[in-house]
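So the structure is just underneath, and the comments pick up after that.
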Amino acid sequence: MAVIRWILGVFILSLNWIFSPKSIMRNSILQNEIDKKFASFTLYHYPACPFCVKVRRVMKKYNLSINLIDPRDSEIGMQDLVQGGGKLKVPCLRIHENSKDTIWMYESSAIISFLKSQTPEAYEANNEK
């Protein structure tokens, strides 16, 4: 089973590399604002997880700088995910805003919808339809 997972992981990562989306180009002022907005976000992910790849592709497309942590490579990351989010499941987006509590968001579709709602280009494209 481990061999099959490894083969599928390599296949998923290869396809993601070959068909990687192009990033949106913004002026530096707007990009700095977006970088500040997403500075307190962390995505817990596994590199070859298809649902994590789906979220990272959206991050690349909309040029979002979000801290990435692989819980398998970081004992502290794994502890944070389990203690804060309540379960060891990826993808998980941790949203920590200064004045609010920390939000732990699981499910790739919910994470993608949230990221798009926070990104001007994606928000405008959704409202034009």
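So you can find residues: chains in the structure tokens are A, B, ... in the order shown, residues in each start at 1, and ligands are numbered from 1 in order.
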Item to complete: Based on DSSP run over this structure's backbone, return all residues of chain A in strand (DSSP E), as a PyMOL selection string.
Response: chain A and resi 41-44+67-69+92-96+102-106
Expected file contents, prior selection, N, CA, C and O atoms, as a PDB file, in the first residue's frame:
ATOM      1  N   PHE A  41      -2.027  33.793   8.285  1.00  0.00           N
ATOM      2  CA  PHE A  41      -2.664  32.541   7.879  1.00  0.00           C
ATOM      3  C   PHE A  41      -1.601  31.451   7.775  1.00  0.00           C
ATOM      4  O   PHE A  41      -0.478  31.697   7.355  1.00  0.00           O
ATOM      5  N   THR A  42      -1.980  30.236   8.137  1.00  0.00           N
ATOM      6  CA  THR A  42      -1.094  29.080   8.000  1.00  0.00           C
ATOM      7  C   THR A  42      -1.899  27.929   7.416  1.00  0.00           C
ATOM      8  O   THR A  42      -3.002  27.642   7.880  1.00  0.00           O
ATOM      9  N   LEU A  43      -1.338  27.291   6.400  1.00  0.00           N
ATOM     10  CA  LEU A  43      -1.967  26.107   5.814  1.00  0.00           C
ATOM     11  C   LEU A  43      -1.171  24.880   6.244  1.00  0.00           C
ATOM     12  O   LEU A  43       0.024  24.769   5.960  1.00  0.00           O
ATOM     13  N   TYR A  44      -1.836  23.976   6.946  1.00  0.00           N
ATOM     14  CA  TYR A  44      -1.248  22.690   7.295  1.00  0.00           C
ATOM     15  C   TYR A  44      -1.582  21.748   6.141  1.00  0.00           C
ATOM     16  O   TYR A  44      -2.751  21.640   5.752  1.00  0.00           O
ATOM     17  N   ASN A  67       1.802  30.896   4.968  1.00  0.00           N
ATOM     18  CA  ASN A  67       2.775  30.001   5.580  1.00  0.00           C
ATOM     19  C   ASN A  67       2.316  28.554   5.417  1.00  0.00           C
ATOM     20  O   ASN A  67       1.159  28.232   5.683  1.00  0.00           O
ATOM     21  N   LEU A  68       3.205  27.670   4.978  1.00  0.00           N
ATOM     22  CA  LEU A  68       2.895  26.252   4.783  1.00  0.00           C
ATOM     23  C   LEU A  68       3.630  25.411   5.816  1.00  0.00           C
ATOM     24  O   LEU A  68       4.830  25.592   6.024  1.00  0.00           O
ATOM     25  N   ILE A  69       2.892  24.498   6.451  1.00  0.00           N
ATOM     26  CA  ILE A  69       3.499  23.587   7.422  1.00  0.00           C
ATOM     27  C   ILE A  69       3.054  22.166   7.103  1.00  0.00           C
ATOM     28  O   ILE A  69       1.859  21.896   6.976  1.00  0.00           O
ATOM     29  N   CYS A  92      -5.748  22.105   6.361  1.00  0.00           N
ATOM     30  CA  CYS A  92      -6.346  22.889   7.436  1.00  0.00           C
ATOM     31  C   CYS A  92      -5.761  24.293   7.362  1.00  0.00           C
ATOM     32  O   CYS A  92      -4.541  24.454   7.388  1.00  0.00           O
ATOM     33  N   LEU A  93      -6.630  25.271   7.273  1.00  0.00           N
ATOM     34  CA  LEU A  93      -6.197  26.664   7.236  1.00  0.00           C
ATOM     35  C   LEU A  93      -6.433  27.277   8.604  1.00  0.00           C
ATOM     36  O   LEU A  93      -7.552  27.274   9.109  1.00  0.00           O
ATOM     37  N   ARG A  94      -5.353  27.771   9.216  1.00  0.00           N
ATOM     38  CA  ARG A  94      -5.464  28.477  10.492  1.00  0.00           C
ATOM     39  C   ARG A  94      -5.477  29.964  10.197  1.00  0.00           C
ATOM     40  O   ARG A  94      -4.564  30.504   9.584  1.00  0.00           O
ATOM     41  N   ILE A  95      -6.549  30.608  10.626  1.00  0.00           N
ATOM     42  CA  ILE A  95      -6.716  32.047  10.413  1.00  0.00           C
ATOM     43  C   ILE A  95      -6.630  32.699  11.778  1.00  0.00           C
ATOM     44  O   ILE A  95      -7.488  32.491  12.633  1.00  0.00           O
ATOM     45  N   HIS A  96      -5.581  33.456  11.994  1.00  0.00           N
ATOM     46  CA  HIS A  96      -5.393  34.129  13.281  1.00  0.00           C
ATOM     47  C   HIS A  96      -5.375  35.632  13.027  1.00  0.00           C
ATOM     48  O   HIS A  96      -4.434  36.158  12.443  1.00  0.00           O
ATOM     49  N   THR A 102      -8.731  32.476  16.951  1.00  0.00           N
ATOM     50  CA  THR A 102      -8.181  31.709  15.844  1.00  0.00           C
ATOM     51  C   THR A 102      -9.266  30.807  15.273  1.00  0.00           C
ATOM     52  O   THR A 102      -9.998  30.151  16.003  1.00  0.00           O
ATOM     53  N   ILE A 103      -9.355  30.787  13.949  1.00  0.00           N
ATOM     54  CA  ILE A 103     -10.320  29.940  13.252  1.00  0.00           C
ATOM     55  C   ILE A 103      -9.527  28.828  12.567  1.00  0.00           C
ATOM     56  O   ILE A 103      -8.528  29.085  11.899  1.00  0.00           O
ATOM     57  N   TRP A 104      -9.994  27.596  12.724  1.00  0.00           N
ATOM     58  CA  TRP A 104      -9.379  26.436  12.088  1.00  0.00           C
ATOM     59  C   TRP A 104     -10.359  25.935  11.039  1.00  0.00           C
ATOM     60  O   TRP A 104     -11.455  25.514  11.374  1.00  0.00           O
ATOM     61  N   MET A 105      -9.986  26.017   9.784  1.00  0.00           N
ATOM     62  CA  MET A 105     -10.881  25.656   8.690  1.00  0.00           C
ATOM     63  C   MET A 105     -10.375  24.407   7.987  1.00  0.00           C
ATOM     64  O   MET A 105      -9.262  24.387   7.468  1.00  0.00           O
ATOM     65  N   TYR A 106     -11.196  23.374   7.995  1.00  0.00           N
ATOM     66  CA  TYR A 106     -10.881  22.135   7.292  1.00  0.00           C
ATOM     67  C   TYR A 106     -11.718  22.101   6.005  1.00  0.00           C
ATOM     68  O   TYR A 106     -12.552  22.959   5.793  1.00  0.00           O
TER      69      TYR A 106
END
Worksheet item: chain A: which residues are helix (DSSP H, G or I) by DSSP, as number ranges by chain?
Response: A: 2-18, 28-37, 50-61, 75-85, 108-117, 120-128
Discussion item. Excluding range 49-62 of chain A and its own-chain neighbours fewer than 5 positions away, which residues fall within 12 Å of it when counting only C-alpha atoms? Please give them as a ChimeraX atom specification.
Written reply: /A:5-6,8-17,19-26,31,34-35,38,41-44,67-70,89-93,106-123
Go ahead and save the picked residues with C-alpha atoms, as a PDB file, in the first residue's frame.
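Printed below is out_27.pdb as written:
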ATOM      1  CA  ARG A   5       0.707   5.854  -2.249  1.00  0.00           C
ATOM      2  CA  TRP A   6       4.247   6.815  -3.181  1.00  0.00           C
ATOM      3  CA  LEU A   8       0.311   8.239  -6.744  1.00  0.00           C
ATOM      4  CA  GLY A   9       2.051  11.007  -4.804  1.00  0.00           C
ATOM      5  CA  VAL A  10       4.784  11.323  -7.411  1.00  0.00           C
ATOM      6  CA  PHE A  11       2.145  11.304 -10.149  1.00  0.00           C
ATOM      7  CA  ILE A  12       0.075  14.033  -8.445  1.00  0.00           C
ATOM      8  CA  LEU A  13       3.106  16.223  -7.800  1.00  0.00           C
ATOM      9  CA  SER A  14       4.348  15.742 -11.383  1.00  0.00           C
ATOM     10  CA  LEU A  15       0.999  16.746 -12.875  1.00  0.00           C
ATOM     11  CA  ASN A  16       0.816  19.724 -10.548  1.00  0.00           C
ATOM     12  CA  TRP A  17       4.290  20.833 -11.645  1.00  0.00           C
ATOM     13  CA  PHE A  19       0.139  22.081 -15.277  1.00  0.00           C
ATOM     14  CA  SER A  20       0.872  24.677 -12.608  1.00  0.00           C
ATOM     15  CA  PRO A  21      -1.412  27.744 -12.880  1.00  0.00           C
ATOM     16  CA  LYS A  22       0.029  31.153 -13.664  1.00  0.00           C
ATOM     17  CA  SER A  23      -0.024  33.651 -10.838  1.00  0.00           C
ATOM     18  CA  ILE A  24      -1.951  36.891 -11.048  1.00  0.00           C
ATOM     19  CA  MET A  25       0.341  39.880 -11.414  1.00  0.00           C
ATOM     20  CA  ARG A  26      -0.563  42.873  -9.245  1.00  0.00           C
ATOM     21  CA  GLN A  31       0.409  42.859  -3.506  1.00  0.00           C
ATOM     22  CA  ILE A  34      -2.653  41.244   0.237  1.00  0.00           C
ATOM     23  CA  ASP A  35       0.575  39.834   1.714  1.00  0.00           C
ATOM     24  CA  PHE A  38      -2.601  36.772   4.655  1.00  0.00           C
ATOM     25  CA  PHE A  41      -2.664  32.541   7.879  1.00  0.00           C
ATOM     26  CA  THR A  42      -1.094  29.080   8.000  1.00  0.00           C
ATOM     27  CA  LEU A  43      -1.967  26.107   5.814  1.00  0.00           C
ATOM     28  CA  TYR A  44      -1.248  22.690   7.295  1.00  0.00           C
ATOM     29  CA  ASN A  67       2.775  30.001   5.580  1.00  0.00           C
ATOM     30  CA  LEU A  68       2.895  26.252   4.783  1.00  0.00           C
ATOM     31  CA  ILE A  69       3.499  23.587   7.422  1.00  0.00           C
ATOM     32  CA  ASP A  70       3.752  19.846   6.848  1.00  0.00           C
ATOM     33  CA  LYS A  89      -6.445  16.310   9.233  1.00  0.00           C
ATOM     34  CA  VAL A  90      -5.197  18.234   6.222  1.00  0.00           C
ATOM     35  CA  PRO A  91      -5.692  20.574   4.521  1.00  0.00           C
ATOM     36  CA  CYS A  92      -6.346  22.889   7.436  1.00  0.00           C
ATOM     37  CA  LEU A  93      -6.197  26.664   7.236  1.00  0.00           C
ATOM     38  CA  TYR A 106     -10.881  22.135   7.292  1.00  0.00           C
ATOM     39  CA  GLU A 107     -12.199  20.910   3.919  1.00  0.00           C
ATOM     40  CA  SER A 108     -10.488  22.066   0.742  1.00  0.00           C
ATOM     41  CA  SER A 109     -13.671  23.455  -0.835  1.00  0.00           C
ATOM     42  CA  ALA A 110     -14.416  25.636   2.202  1.00  0.00           C
ATOM     43  CA  ILE A 111     -10.812  26.861   2.305  1.00  0.00           C
ATOM     44  CA  ILE A 112     -10.856  27.707  -1.406  1.00  0.00           C
ATOM     45  CA  SER A 113     -14.177  29.548  -1.114  1.00  0.00           C
ATOM     46  CA  PHE A 114     -12.827  31.543   1.816  1.00  0.00           C
ATOM     47  CA  LEU A 115      -9.571  32.437   0.043  1.00  0.00           C
ATOM     48  CA  LYS A 116     -11.465  33.541  -3.057  1.00  0.00           C
ATOM     49  CA  SER A 117     -13.778  35.697  -0.940  1.00  0.00           C
ATOM     50  CA  GLN A 118     -10.711  37.465   0.484  1.00  0.00           C
ATOM     51  CA  THR A 119      -9.041  38.048  -2.899  1.00  0.00           C
ATOM     52  CA  PRO A 120     -10.193  41.042  -4.984  1.00  0.00           C
ATOM     53  CA  GLU A 121      -9.745  39.397  -8.411  1.00  0.00           C
ATOM     54  CA  ALA A 122     -11.620  36.239  -7.450  1.00  0.00           C
ATOM     55  CA  TYR A 123     -14.391  38.224  -5.760  1.00  0.00           C
TER      56      TYR A 123
END
Practice prompt. Go through A:Pro71, A:Val3, A:Lys100, A:Leu88 one by one, measure the shortest atom-to-atom distance of each to Tyr46 in chain A using only C-alpha atoms, and give the residue with the smallest value.
Written response: A:Pro71
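Proximity ranking of A:His45, A:Asn63, A:Ile7, A:Glu75 relative to Ser28 in chain A places A:Asn63 first, based on only C-alpha atoms.
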Worksheet item: So how far away is CA of Asp80 in chain A from CA of Ser40 in chain A, in Å?
Response: 14.5 Å
Item to complete: Can you pull out every residue within 12 Å of Lys36 in chain A, counting only C-alpha atoms, but drop anything in the same chain fewer than 5 positions away, and send it as an NGL selection string?
Response: :A and (29-31 or 41 or 64-66 or 97)
Worksheet item: Rounded to one decimal in Å, what is the spacing between CA of Asn32 in chain A and CA of Pro47 in chain A?
Response: 26.4 Å
